[in-house]
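*Asks:* So that you have it, the file is query_4.cif, and it contains mmCIF, C-alpha atoms; chains and numbers go by the auth columns:
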```cif
data_upload
loop_
_atom_site.group_PDB
_atom_site.id
_atom_site.type_symbol
_atom_site.label_atom_id
_atom_site.label_comp_id
_atom_site.label_asym_id
_atom_site.label_seq_id
_atom_site.Cartn_x
_atom_site.Cartn_y
_atom_site.Cartn_z
_atom_site.B_iso_or_equiv
_atom_site.auth_seq_id
_atom_site.auth_asym_id
ATOM 1 C CA ASP A 1 205.402 105.768 88.790 0.00 819 A
ATOM 2 C CA LYS A 2 206.000 104.574 92.339 0.00 820 A
ATOM 3 C CA LYS A 3 202.874 102.330 92.264 0.00 821 A
ATOM 4 C CA LEU A 4 204.073 100.205 89.333 0.00 822 A
ATOM 5 C CA PRO A 5 207.037 98.568 91.086 0.00 823 A
ATOM 6 C CA SER A 6 204.818 97.985 94.122 0.00 824 A
ATOM 7 C CA SER A 7 202.145 96.194 92.032 0.00 825 A
ATOM 8 C CA ILE A 8 204.804 94.144 90.300 0.00 826 A
ATOM 9 C CA SER A 9 206.217 93.210 93.669 0.00 827 A
ATOM 10 C CA VAL A 10 202.810 92.126 94.944 0.00 828 A
ATOM 11 C CA THR A 11 202.123 90.134 91.781 0.00 829 A
ATOM 12 C CA LEU A 12 205.512 88.483 91.957 0.00 830 A
ATOM 13 C CA SER A 13 204.974 87.668 95.618 0.00 831 A
ATOM 14 C CA LEU A 14 201.592 86.100 94.848 0.00 832 A
ATOM 15 C CA PHE A 15 203.049 84.157 91.946 0.00 833 A
ATOM 16 C CA LEU A 16 205.880 82.819 94.091 0.00 834 A
ATOM 17 C CA ASN A 17 203.414 81.917 96.859 0.00 835 A
ATOM 18 C CA ILE A 18 201.194 80.020 94.391 0.00 836 A
ATOM 19 C CA TYR A 19 204.242 78.382 92.839 0.00 837 A
ATOM 20 C CA PHE A 20 205.495 77.076 96.199 0.00 838 A
ATOM 21 C CA GLN A 21 202.006 75.871 97.137 0.00 839 A
ATOM 22 C CA LEU A 22 201.736 74.001 93.835 0.00 840 A
ATOM 23 C CA PHE A 23 205.223 72.630 94.316 0.00 841 A
ATOM 24 C CA ASN A 24 204.288 71.316 97.756 0.00 842 A
ATOM 25 C CA ILE A 25 201.052 69.796 96.412 0.00 843 A
ATOM 26 C CA ILE A 26 202.868 68.119 93.502 0.00 844 A
ATOM 27 C CA ASN A 27 205.569 66.894 95.852 0.00 845 A
ATOM 28 C CA SER A 28 202.906 65.420 98.167 0.00 846 A
ATOM 29 C CA ILE A 29 201.224 63.701 95.206 0.00 847 A
ATOM 30 C CA ILE A 30 204.569 62.266 94.090 0.00 848 A
ATOM 31 C CA ASN A 31 205.220 60.928 97.594 0.00 849 A
ATOM 32 C CA ILE A 32 201.735 59.376 97.692 0.00 850 A
ATOM 33 C CA LEU A 33 202.314 57.752 94.295 0.00 851 A
ATOM 34 C CA LYS A 34 205.693 56.446 95.442 0.00 852 A
ATOM 35 C CA ASN A 35 204.082 54.907 98.529 0.00 853 A
ATOM 36 C CA LEU A 36 201.361 53.334 96.408 0.00 854 A
ATOM 37 C CA ILE A 37 203.929 51.920 93.977 0.00 855 A
ATOM 38 C CA ASN A 38 205.991 50.536 96.844 0.00 856 A
ATOM 39 C CA ARG A 39 202.904 48.955 98.404 0.00 857 A
ATOM 40 C CA TYR A 40 201.953 47.501 95.027 0.00 858 A
ATOM 41 C CA LYS A 41 205.433 46.024 94.631 0.00 859 A
ATOM 42 C CA VAL A 42 205.246 44.548 98.119 0.00 860 A
ATOM 43 C CA SER A 43 201.796 43.118 97.403 0.00 861 A
ATOM 44 C CA MET A 44 202.946 41.608 94.106 0.00 862 A
ATOM 45 C CA LYS A 45 205.947 40.099 95.843 0.00 863 A
ATOM 46 C CA ILE A 46 203.652 38.519 98.435 0.00 864 A
ATOM 47 C CA VAL A 47 201.412 37.160 95.661 0.00 865 A
ATOM 48 C CA LYS A 48 204.397 35.743 93.787 0.00 866 A
ATOM 49 C CA ASP A 49 205.747 34.181 96.978 0.00 867 A
ATOM 50 C CA ILE A 50 202.372 32.574 97.666 0.00 868 A
ATOM 51 C CA GLN A 51 202.120 31.293 94.092 0.00 869 A
ATOM 52 C CA LYS A 52 205.665 29.979 94.279 0.00 870 A
ATOM 53 C CA GLN A 53 204.910 28.272 97.584 0.00 871 A
ATOM 54 C CA GLN A 54 201.721 26.750 96.202 0.00 872 A
ATOM 55 C CA SER A 55 203.564 25.590 93.104 0.00 873 A
ATOM 56 C CA SER A 56 206.362 24.033 95.117 0.00 874 A
ATOM 57 C CA SER A 57 203.904 22.385 97.514 0.00 875 A
ATOM 58 C CA LYS A 58 201.724 20.815 94.783 0.00 876 A
ATOM 59 C CA ILE A 59 201.317 17.113 95.369 0.00 877 A
ATOM 60 C CA SER A 60 202.802 15.005 92.594 0.00 878 A
ATOM 61 C CA ASP A 61 201.190 11.877 91.137 0.00 879 A
ATOM 62 C CA LYS A 62 203.934 9.821 92.727 0.00 880 A
ATOM 63 C CA GLU A 63 203.197 11.234 96.174 0.00 881 A
ATOM 64 C CA ALA A 64 199.489 10.554 95.687 0.00 882 A
ATOM 65 C CA GLU A 65 200.262 6.964 94.660 0.00 883 A
ATOM 66 C CA GLU A 66 202.335 6.490 97.816 0.00 884 A
ATOM 67 C CA ALA A 67 199.376 7.754 99.852 0.00 885 A
ATOM 68 C CA ILE A 68 197.137 5.124 98.232 0.00 886 A
ATOM 69 C CA LYS A 69 199.710 2.464 99.106 0.00 887 A
ATOM 70 C CA THR A 70 199.603 3.631 102.716 0.00 888 A
ATOM 71 C CA ILE A 71 195.798 3.336 102.759 0.00 889 A
ATOM 72 C CA LEU A 72 196.022 -0.180 101.304 0.00 890 A
ATOM 73 C CA GLU A 73 198.419 -1.161 104.078 0.00 891 A
ATOM 74 C CA TRP A 74 196.135 0.490 106.661 0.00 892 A
ATOM 75 C CA MET A 75 193.276 -1.665 105.325 0.00 893 A
ATOM 76 C CA GLY A 76 195.352 -4.772 105.963 0.00 894 A
ATOM 77 C CA GLU A 77 196.323 -5.364 102.336 0.00 895 A
ATOM 78 C CA ASP A 78 199.709 -5.975 100.753 0.00 896 A
ATOM 79 C CA PRO A 79 200.228 -3.276 98.094 0.00 897 A
ATOM 80 C CA ASN A 80 203.090 -5.341 96.652 0.00 898 A
ATOM 81 C CA ARG A 81 201.013 -8.337 95.669 0.00 899 A
ATOM 82 C CA GLU A 82 200.390 -8.823 91.957 0.00 900 A
ATOM 83 C CA GLY A 83 196.756 -7.719 91.897 0.00 901 A
ATOM 84 C CA LEU A 84 197.510 -4.421 93.659 0.00 902 A
ATOM 85 C CA LEU A 85 200.786 -3.380 92.033 0.00 903 A
ATOM 86 C CA GLU A 86 199.096 -1.029 89.566 0.00 904 A
ATOM 87 C CA THR A 87 196.201 -0.062 91.852 0.00 905 A
ATOM 88 C CA PRO A 88 197.726 3.203 93.158 0.00 906 A
ATOM 89 C CA LYS A 89 198.278 4.454 89.590 0.00 907 A
ATOM 90 C CA ARG A 90 194.759 3.423 88.598 0.00 908 A
ATOM 91 C CA VAL A 91 193.234 5.146 91.609 0.00 909 A
ATOM 92 C CA VAL A 92 195.140 8.392 90.926 0.00 910 A
ATOM 93 C CA LYS A 93 194.048 8.274 87.281 0.00 911 A
ATOM 94 C CA ALA A 94 190.439 7.668 88.356 0.00 912 A
ATOM 95 C CA PHE A 95 190.567 10.529 90.880 0.00 913 A
ATOM 96 C CA LYS A 96 191.715 12.882 88.111 0.00 914 A
ATOM 97 C CA GLU A 97 188.512 11.992 86.275 0.00 915 A
ATOM 98 C CA TYR A 98 186.256 12.057 89.348 0.00 916 A
ATOM 99 C CA PHE A 99 187.486 15.491 90.436 0.00 917 A
ATOM 100 C CA LYS A 100 188.428 17.195 87.164 0.00 918 A
ATOM 101 C CA GLY A 101 185.915 19.957 87.922 0.00 919 A
ATOM 102 C CA TYR A 102 188.478 21.695 90.119 0.00 920 A
ATOM 103 C CA SER A 103 190.520 22.613 87.045 0.00 921 A
ATOM 104 C CA GLU A 104 187.565 23.831 84.951 0.00 922 A
ATOM 105 C CA ASP A 105 185.715 27.171 84.960 0.00 923 A
ATOM 106 C CA PRO A 106 181.947 26.891 84.349 0.00 924 A
ATOM 107 C CA ASN A 107 181.703 30.591 83.468 0.00 925 A
ATOM 108 C CA LEU A 108 183.928 30.071 80.421 0.00 926 A
ATOM 109 C CA VAL A 109 181.584 27.359 79.185 0.00 927 A
ATOM 110 C CA LEU A 110 178.718 29.880 79.135 0.00 928 A
ATOM 111 C CA GLU A 111 180.556 32.695 77.328 0.00 929 A
ATOM 112 C CA LYS A 112 179.106 31.962 73.879 0.00 930 A
ATOM 113 C CA THR A 113 175.391 32.715 73.514 0.00 931 A
ATOM 114 C CA PHE A 114 172.987 33.114 70.585 0.00 932 A
ATOM 115 C CA GLY A 115 170.575 35.961 69.913 0.00 933 A
ATOM 116 C CA ASP A 116 168.972 34.680 66.707 0.00 934 A
ATOM 117 C CA VAL A 117 166.003 32.980 68.391 0.00 935 A
ATOM 118 C CA GLU A 118 163.072 34.925 66.874 0.00 936 A
ATOM 119 C CA GLY A 119 162.413 36.669 70.192 0.00 937 A
ATOM 120 C CA TYR A 120 161.983 33.461 72.214 0.00 938 A
ATOM 121 C CA SER A 121 161.526 34.464 75.868 0.00 939 A
ATOM 122 C CA ASP A 122 159.845 31.482 77.536 0.00 940 A
ATOM 123 C CA MET A 123 161.584 28.944 79.743 0.00 941 A
ATOM 124 C CA VAL A 124 164.120 26.431 78.472 0.00 942 A
ATOM 125 C CA VAL A 125 164.018 23.129 80.375 0.00 943 A
ATOM 126 C CA GLN A 126 166.626 20.379 80.271 0.00 944 A
ATOM 127 C CA LYS A 127 165.686 17.227 82.182 0.00 945 A
ATOM 128 C CA ASN A 128 167.443 14.056 83.316 0.00 946 A
ATOM 129 C CA ILE A 129 171.035 15.334 83.223 0.00 947 A
ATOM 130 C CA SER A 130 173.018 12.525 84.810 0.00 948 A
ATOM 131 C CA ILE A 131 175.100 13.325 87.881 0.00 949 A
ATOM 132 C CA GLN A 132 178.046 11.357 89.252 0.00 950 A
ATOM 133 C CA SER A 133 179.569 13.235 92.140 0.00 951 A
ATOM 134 C CA HIS A 134 181.179 12.455 95.506 0.00 952 A
ATOM 135 C CA CYS A 135 180.064 13.395 98.990 0.00 953 A
ATOM 136 C CA GLU A 136 182.604 15.593 100.741 0.00 954 A
ATOM 137 C CA HIS A 137 182.042 13.881 104.094 0.00 955 A
ATOM 138 C CA HIS A 138 182.846 10.283 103.147 0.00 956 A
ATOM 139 C CA MET A 139 183.992 10.645 99.513 0.00 957 A
ATOM 140 C CA ALA A 140 181.231 8.180 98.627 0.00 958 A
ATOM 141 C CA PRO A 141 179.411 8.442 95.269 0.00 959 A
ATOM 142 C CA ILE A 142 176.359 10.631 94.707 0.00 960 A
ATOM 143 C CA ILE A 143 174.401 9.273 91.741 0.00 961 A
ATOM 144 C CA GLY A 144 171.345 11.015 90.353 0.00 962 A
ATOM 145 C CA LYS A 145 169.761 13.378 87.871 0.00 963 A
ATOM 146 C CA ALA A 146 169.492 17.144 87.538 0.00 964 A
ATOM 147 C CA HIS A 147 166.622 19.064 85.957 0.00 965 A
ATOM 148 C CA VAL A 148 167.515 22.607 84.933 0.00 966 A
ATOM 149 C CA ALA A 149 165.332 25.428 83.598 0.00 967 A
ATOM 150 C CA TYR A 150 166.110 29.044 82.759 0.00 968 A
ATOM 151 C CA ILE A 151 164.253 31.996 81.263 0.00 969 A
ATOM 152 C CA PRO A 152 166.507 33.675 78.667 0.00 970 A
ATOM 153 C CA ASN A 153 167.025 37.390 78.464 0.00 971 A
ATOM 154 C CA GLN A 154 167.101 37.876 74.654 0.00 972 A
ATOM 155 C CA ARG A 155 169.967 35.384 74.247 0.00 973 A
ATOM 156 C CA VAL A 156 170.185 31.617 74.759 0.00 974 A
ATOM 157 C CA VAL A 157 173.073 29.250 75.385 0.00 975 A
ATOM 158 C CA GLY A 158 173.829 25.947 73.653 0.00 976 A
ATOM 159 C CA LEU A 159 171.959 23.076 75.298 0.00 977 A
ATOM 160 C CA SER A 160 175.116 21.039 75.858 0.00 978 A
ATOM 161 C CA LYS A 161 176.565 23.903 77.889 0.00 979 A
ATOM 162 C CA ILE A 162 173.883 23.507 80.560 0.00 980 A
ATOM 163 C CA ALA A 163 174.840 19.862 81.014 0.00 981 A
ATOM 164 C CA ARG A 164 178.492 20.890 80.972 0.00 982 A
ATOM 165 C CA VAL A 165 177.983 23.275 83.907 0.00 983 A
ATOM 166 C CA VAL A 166 176.288 20.479 85.861 0.00 984 A
ATOM 167 C CA GLU A 167 179.223 18.198 85.022 0.00 985 A
ATOM 168 C CA ILE A 168 181.893 20.668 86.156 0.00 986 A
ATOM 169 C CA PHE A 169 180.347 21.290 89.566 0.00 987 A
ATOM 170 C CA SER A 170 179.523 17.624 90.109 0.00 988 A
ATOM 171 C CA LYS A 171 183.146 16.628 89.471 0.00 989 A
ATOM 172 C CA ARG A 172 184.141 18.072 92.827 0.00 990 A
ATOM 173 C CA LEU A 173 183.595 17.018 96.424 0.00 991 A
ATOM 174 C CA GLN A 174 180.061 18.180 97.107 0.00 992 A
ATOM 175 C CA THR A 175 176.978 18.372 99.224 0.00 993 A
ATOM 176 C CA GLN A 176 173.819 18.112 97.150 0.00 994 A
ATOM 177 C CA GLU A 177 172.510 21.383 98.549 0.00 995 A
ATOM 178 C CA ARG A 178 175.608 23.337 97.519 0.00 996 A
ATOM 179 C CA LEU A 179 175.739 21.647 94.117 0.00 997 A
ATOM 180 C CA THR A 180 172.149 22.751 93.438 0.00 998 A
ATOM 181 C CA VAL A 181 172.869 26.365 94.406 0.00 999 A
ATOM 182 C CA GLN A 182 176.161 26.574 92.470 0.00 1000 A
ATOM 183 C CA ILE A 183 174.540 25.426 89.234 0.00 1001 A
ATOM 184 C CA ALA A 184 171.641 27.862 89.596 0.00 1002 A
ATOM 185 C CA LYS A 185 173.711 30.920 90.539 0.00 1003 A
ATOM 186 C CA THR A 186 176.264 30.338 87.785 0.00 1004 A
ATOM 187 C CA LEU A 187 173.570 30.096 85.096 0.00 1005 A
ATOM 188 C CA MET A 188 171.730 33.139 86.479 0.00 1006 A
ATOM 189 C CA GLU A 189 174.819 35.356 86.580 0.00 1007 A
ATOM 190 C CA SER A 190 176.635 34.206 83.438 0.00 1008 A
ATOM 191 C CA LEU A 191 173.542 34.241 81.207 0.00 1009 A
ATOM 192 C CA ASP A 192 171.958 37.314 82.809 0.00 1010 A
ATOM 193 C CA ALA A 193 168.831 35.147 82.856 0.00 1011 A
ATOM 194 C CA LYS A 194 165.408 36.307 83.984 0.00 1012 A
ATOM 195 C CA GLY A 195 165.117 33.230 86.148 0.00 1013 A
ATOM 196 C CA VAL A 196 166.718 29.857 86.894 0.00 1014 A
ATOM 197 C CA ALA A 197 165.373 26.708 88.546 0.00 1015 A
ATOM 198 C CA VAL A 198 167.422 23.630 89.468 0.00 1016 A
ATOM 199 C CA THR A 199 166.189 20.328 90.904 0.00 1017 A
ATOM 200 C CA ILE A 200 168.460 17.414 91.794 0.00 1018 A
ATOM 201 C CA ASP A 201 167.218 13.937 92.681 0.00 1019 A
ATOM 202 C CA SER A 202 169.986 11.590 93.775 0.00 1020 A
ATOM 203 C CA THR A 203 171.097 8.637 95.841 0.00 1021 A
ATOM 204 C CA HIS A 204 173.912 9.077 98.362 0.00 1022 A
ATOM 205 C CA HIS A 205 176.044 5.979 98.800 0.00 1023 A
ATOM 206 C CA CYS A 206 177.267 7.297 102.138 0.00 1024 A
ATOM 207 C CA MET A 207 173.837 6.362 103.504 0.00 1025 A
ATOM 208 C CA THR A 208 172.986 3.381 101.266 0.00 1026 A
ATOM 209 C CA MET A 209 176.271 1.440 101.598 0.00 1027 A
ATOM 210 C CA ARG A 210 177.276 2.445 105.132 0.00 1028 A
ATOM 211 C CA GLY A 211 175.857 3.942 108.285 0.00 1029 A
ATOM 212 C CA ILE A 212 172.086 3.716 108.274 0.00 1030 A
ATOM 213 C CA LYS A 213 172.079 1.632 105.020 0.00 1031 A
ATOM 214 C CA LYS A 214 168.760 2.791 103.555 0.00 1032 A
ATOM 215 C CA GLU A 215 169.199 1.490 100.016 0.00 1033 A
ATOM 216 C CA GLN A 216 165.987 2.970 98.599 0.00 1034 A
ATOM 217 C CA ALA A 217 166.421 6.481 100.024 0.00 1035 A
ATOM 218 C CA THR A 218 166.751 9.359 97.578 0.00 1036 A
ATOM 219 C CA THR A 219 167.264 13.071 98.200 0.00 1037 A
ATOM 220 C CA VAL A 220 165.602 15.929 96.295 0.00 1038 A
ATOM 221 C CA THR A 221 166.828 19.545 96.399 0.00 1039 A
ATOM 222 C CA ASN A 222 165.366 22.619 94.663 0.00 1040 A
ATOM 223 C CA PHE A 223 166.683 26.136 94.165 0.00 1041 A
ATOM 224 C CA TYR A 224 164.900 29.018 92.416 0.00 1042 A
ATOM 225 C CA LEU A 225 166.114 32.429 91.295 0.00 1043 A
ATOM 226 C CA GLY A 226 164.501 35.410 89.546 0.00 1044 A
ATOM 227 C CA GLN A 227 161.033 34.865 88.099 0.00 1045 A
ATOM 228 C CA PHE A 228 160.985 31.244 89.245 0.00 1046 A
ATOM 229 C CA LYS A 229 161.323 32.472 92.825 0.00 1047 A
ATOM 230 C CA ASP A 230 159.051 35.498 92.534 0.00 1048 A
ATOM 231 C CA ASP A 231 156.232 33.942 90.476 0.00 1049 A
ATOM 232 C CA LEU A 232 154.963 30.534 91.663 0.00 1050 A
ATOM 233 C CA SER A 233 153.157 29.999 88.366 0.00 1051 A
ATOM 234 C CA TYR A 234 156.529 29.293 86.743 0.00 1052 A
ATOM 235 C CA GLN A 235 157.297 26.583 89.299 0.00 1053 A
ATOM 236 C CA ASN A 236 153.920 24.963 88.704 0.00 1054 A
ATOM 237 C CA ARG A 237 154.293 24.678 84.924 0.00 1055 A
#
```
In C-alpha cells, write the structure found in this file.
*Replies:*
Amino acid sequence: DKKLPSSISVTLSLFLNIYFQLFNIINSIINILKNLINRYKVSMKIVKDIQKQQSSSKISDKEAEEAIKTILEWMGEDPNREGLLETPKRVVKAFKEYFKGYSEDPNLVLEKTFGDVEGYSDMVVQKNISIQSHCEHHMAPIIGKAHVAYIPNQRVVGLSKIARVVEIFSKRLQTQERLTVQIAKTLMESLDAKGVAVTIDSTHHCMTMRGIKKEQATTVTNFYLGQFKDDLSYQNR
C-alpha cells in the first residue's frame, strides 16, 4: 500500500518533467517561427521598396526624347528645326522595336511542345534565320544569319518558336559570342533536348562603318551542347 503513492509520485514527476521539456521545445519552435516570419516581413518590405524605387525611377518616353534632343545638340544640330522636330519621338519608337527583347521571356515561347512525331529523334535544323541586333559597345547594328539545330527528346517545338528565341535575344544589346550561347542554352534547358548547336554568321557595323572600316569582314561563332559537343559526327553532318 505504501508503494502505490510512491509510484504515482514518480510517474507524475516524470510526466511533469516531460511536459515542461515539451513546453520549452514548443516555445523555442514558436520563437524560431516568429523570427523567421519577422525576417520574411523585413525581406518582403525590402523587395517592395526596391520595386517601388525601380518603378519610380523608370525613364519615361518624354525623358528619353529629351536625351535624344541633347545628343542632337551635342552633334551640332538644331533639334528645333523642321526636319528634326519629330526625330526624338521617332528614335524612341525605333528603340522600342530594336530592344523589345528586354521585355520578352524566351522560355515562355518554348513552353508548348508536341509529342505526336512518330518517334522522331534525329536532329532538327533551321537555317538562315535573319538577325538584326546591336553591339553593346557602340550600339551599332549587327546584321547576319543564325543556323540552329537541336536533337529532340521525345517532344519537338514549333519551328517558328526557334526563330522567335533568336529574335528575342537579338533584340537586346549584344556581343555575338553571348548571343550564340544564350540561344543554345535556352533551347537546351527549355526543351530538355539531347543536344543543341548554334552558328551565327554576321557583319558588325562597328567595324565596317567606323574604326578599322573593313567592309567585307564577317564574324562566325559556334556553340555546341549535349550530343553535338560529345559526338563530332553530329557536327560533321
*Asks:* Might you spell out which residues the PyMOL selection byres ((chain A and resi 983) around 9) would select in the displayed file, as a list in words?
*Replies:*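 For this structure, the PyMOL selection byres ((chain A and resi 983) around 9) captures Asp923, Pro924, Asn925, Val927, Leu928, Ser978, Lys979, Ile980, Ala981, Arg982, Val984, Glu985, Ile986, Phe987, Ser988, Ile1001, Thr1004 and Leu1005 of chain A.
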*Asks:* For the residues in that selection, give me C-alpha atoms as a tab-separated table (two decimals), in the frame of the given file.
*Replies:*
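Saved to again-v8.tsv:
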```tsv
chain	number	residue	atom	x	y	z
A	923	ASP	CA	185.72	27.17	84.96
A	924	PRO	CA	181.95	26.89	84.35
A	925	ASN	CA	181.70	30.59	83.47
A	927	VAL	CA	181.58	27.36	79.18
A	928	LEU	CA	178.72	29.88	79.14
A	978	SER	CA	175.12	21.04	75.86
A	979	LYS	CA	176.56	23.90	77.89
A	980	ILE	CA	173.88	23.51	80.56
A	981	ALA	CA	174.84	19.86	81.01
A	982	ARG	CA	178.49	20.89	80.97
A	984	VAL	CA	176.29	20.48	85.86
A	985	GLU	CA	179.22	18.20	85.02
A	986	ILE	CA	181.89	20.67	86.16
A	987	PHE	CA	180.35	21.29	89.57
A	988	SER	CA	179.52	17.62	90.11
A	1001	ILE	CA	174.54	25.43	89.23
A	1004	THR	CA	176.26	30.34	87.78
A	1005	LEU	CA	173.57	30.10	85.10
```
*Asks:* So which residues touch Ala885 (chain A) within 12 Å, counting all atoms listed in the file, skipping near sequence neighbours fewer than 3 positions away, as a count of residues only?
*Replies:* 17
*Asks:* May I ask for the distance between CA of Asn971 (chain A) and CA of Asp1010 (chain A), given in Å to one decimal place?
*Replies:*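 CA of Asp1010 (chain A) lies at a distance of 6.6 Å from CA of Asn971 (chain A).
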*Asks:* Could you name the residues that touch Ala967 (chain A) at 12 Å or less, counting only C-alpha atoms, but leaving out those on the same chain fewer than 2 positions away, as an NGL selection string?
*Replies:* :A and (940-947 or 964-965 or 969-970 or 974-975 or 977 or 980-981 or 1001-1002 or 1005-1006 or 1011-1018 or 1040-1046 or 1052-1053 or 1055)
*Asks:* Starting from the shown file, work through the PyMOL selection byres ((chain A and resi 1026) around 12) and note down what comes out as number ranges by chain.
*Replies:* A: 958-961, 1020-1025, 1027-1037
*Asks:* Box in all listed atoms of region 948-959 of chain A, axis-aligned, with 8 Å more on each side; write out centre and edge lengths in Å to one decimal as lines of an AutoDock Vina configuration file.
*Replies:*
```
center_x = 178.5
center_y = 11.9
center_z = 94.5
size_x = 27.0
size_y = 23.4
size_z = 35.3
```
*Asks:* Separation of CA of Ala912 (chain A) and CA of Val999 (chain A), in Å?
*Replies:*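 These two atoms are separated by 26.4 Å.
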*Asks:* With distances taken over all atoms listed in the file, which of A:Ile886, A:Val865, A:Met893, A:Ile836 is nearest to Arg908 (chain A)?
*Replies:* A:Ile886
*Asks:* Please report the interatomic distance between CA of Ser861 (chain A) and CA of Leu926 (chain A) in Å with one decimal.
*Replies:* 27.9 Å
*Asks:* Run the PyMOL selection byres ((chain A and resi 989) around 10) against the file shown and list the residues it catches, as a list in words.
*Replies:*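 Here the PyMOL selection byres ((chain A and resi 989) around 10) matches Phe913, Lys914, Glu915, Tyr916, Phe917, Lys918, Gly919, Tyr920, Ser921, Glu922, Ile949, Gln950, Ser951, His952, Val984, Glu985, Ile986, Phe987, Ser988, Arg990, Leu991 and Gln992 of chain A.
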*Asks:* Would you please work out which residue, of A:Phe932, A:Gln1000, A:Asp896, A:Asp1019, is nearest to Gly962 (chain A) when using all atoms listed in the file?
*Replies:*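 With all atoms listed in the file as the atom set, the closest residue is A:Asp1019.
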*Asks:* I need region 845-859 of chain A from the structure I supplied, saved as a short mmCIF file (atom, residue, chain, number, x, y, z; two decimals), in the first residue's frame with N, CA, C and O atoms retained.
*Replies:*
```
data_model
loop_
_atom_site.label_atom_id
_atom_site.label_comp_id
_atom_site.auth_asym_id
_atom_site.auth_seq_id
_atom_site.Cartn_x
_atom_site.Cartn_y
_atom_site.Cartn_z
N ASN A 845 7.96 26.17 -27.21
CA ASN A 845 8.18 27.61 -27.05
C ASN A 845 9.37 28.07 -27.91
O ASN A 845 9.33 29.13 -28.54
N SER A 846 10.43 27.22 -27.96
CA SER A 846 11.60 27.55 -28.78
C SER A 846 11.22 27.55 -30.26
O SER A 846 11.64 28.43 -31.03
N ILE A 847 10.41 26.56 -30.66
CA ILE A 847 9.97 26.48 -32.06
C ILE A 847 9.14 27.70 -32.42
O ILE A 847 9.30 28.29 -33.50
N ILE A 848 8.26 28.10 -31.52
CA ILE A 848 7.41 29.29 -31.76
C ILE A 848 8.29 30.53 -31.93
O ILE A 848 8.06 31.35 -32.82
N ASN A 849 9.29 30.66 -31.08
CA ASN A 849 10.20 31.82 -31.17
C ASN A 849 10.97 31.82 -32.50
O ASN A 849 11.15 32.86 -33.13
N ILE A 850 11.40 30.59 -32.91
CA ILE A 850 12.10 30.48 -34.20
C ILE A 850 11.19 30.88 -35.34
O ILE A 850 11.59 31.62 -36.25
N LEU A 851 9.94 30.40 -35.30
CA LEU A 851 8.97 30.73 -36.34
C LEU A 851 8.68 32.23 -36.37
O LEU A 851 8.56 32.83 -37.44
N LYS A 852 8.58 32.82 -35.18
CA LYS A 852 8.35 34.27 -35.11
C LYS A 852 9.50 35.04 -35.75
O LYS A 852 9.28 36.00 -36.49
N ASN A 853 10.73 34.60 -35.47
CA ASN A 853 11.91 35.25 -36.05
C ASN A 853 11.92 35.11 -37.56
O ASN A 853 12.24 36.06 -38.29
N LEU A 854 11.55 33.89 -38.03
CA LEU A 854 11.51 33.67 -39.47
C LEU A 854 10.46 34.54 -40.14
O LEU A 854 10.69 35.11 -41.21
N ILE A 855 9.30 34.64 -39.50
CA ILE A 855 8.21 35.47 -40.04
C ILE A 855 8.63 36.93 -40.08
O ILE A 855 8.40 37.64 -41.07
N ASN A 856 9.28 37.37 -39.01
CA ASN A 856 9.74 38.77 -38.96
C ASN A 856 10.78 39.03 -40.05
O ASN A 856 10.76 40.08 -40.70
N ARG A 857 11.71 38.07 -40.22
CA ARG A 857 12.72 38.23 -41.27
C ARG A 857 12.07 38.24 -42.65
O ARG A 857 12.48 38.99 -43.53
N TYR A 858 11.06 37.38 -42.81
CA TYR A 858 10.35 37.34 -44.10
C TYR A 858 9.66 38.67 -44.37
O TYR A 858 9.72 39.20 -45.49
N LYS A 859 9.03 39.23 -43.34
CA LYS A 859 8.35 40.52 -43.50
C LYS A 859 9.35 41.62 -43.85
O LYS A 859 9.09 42.46 -44.71
#
```
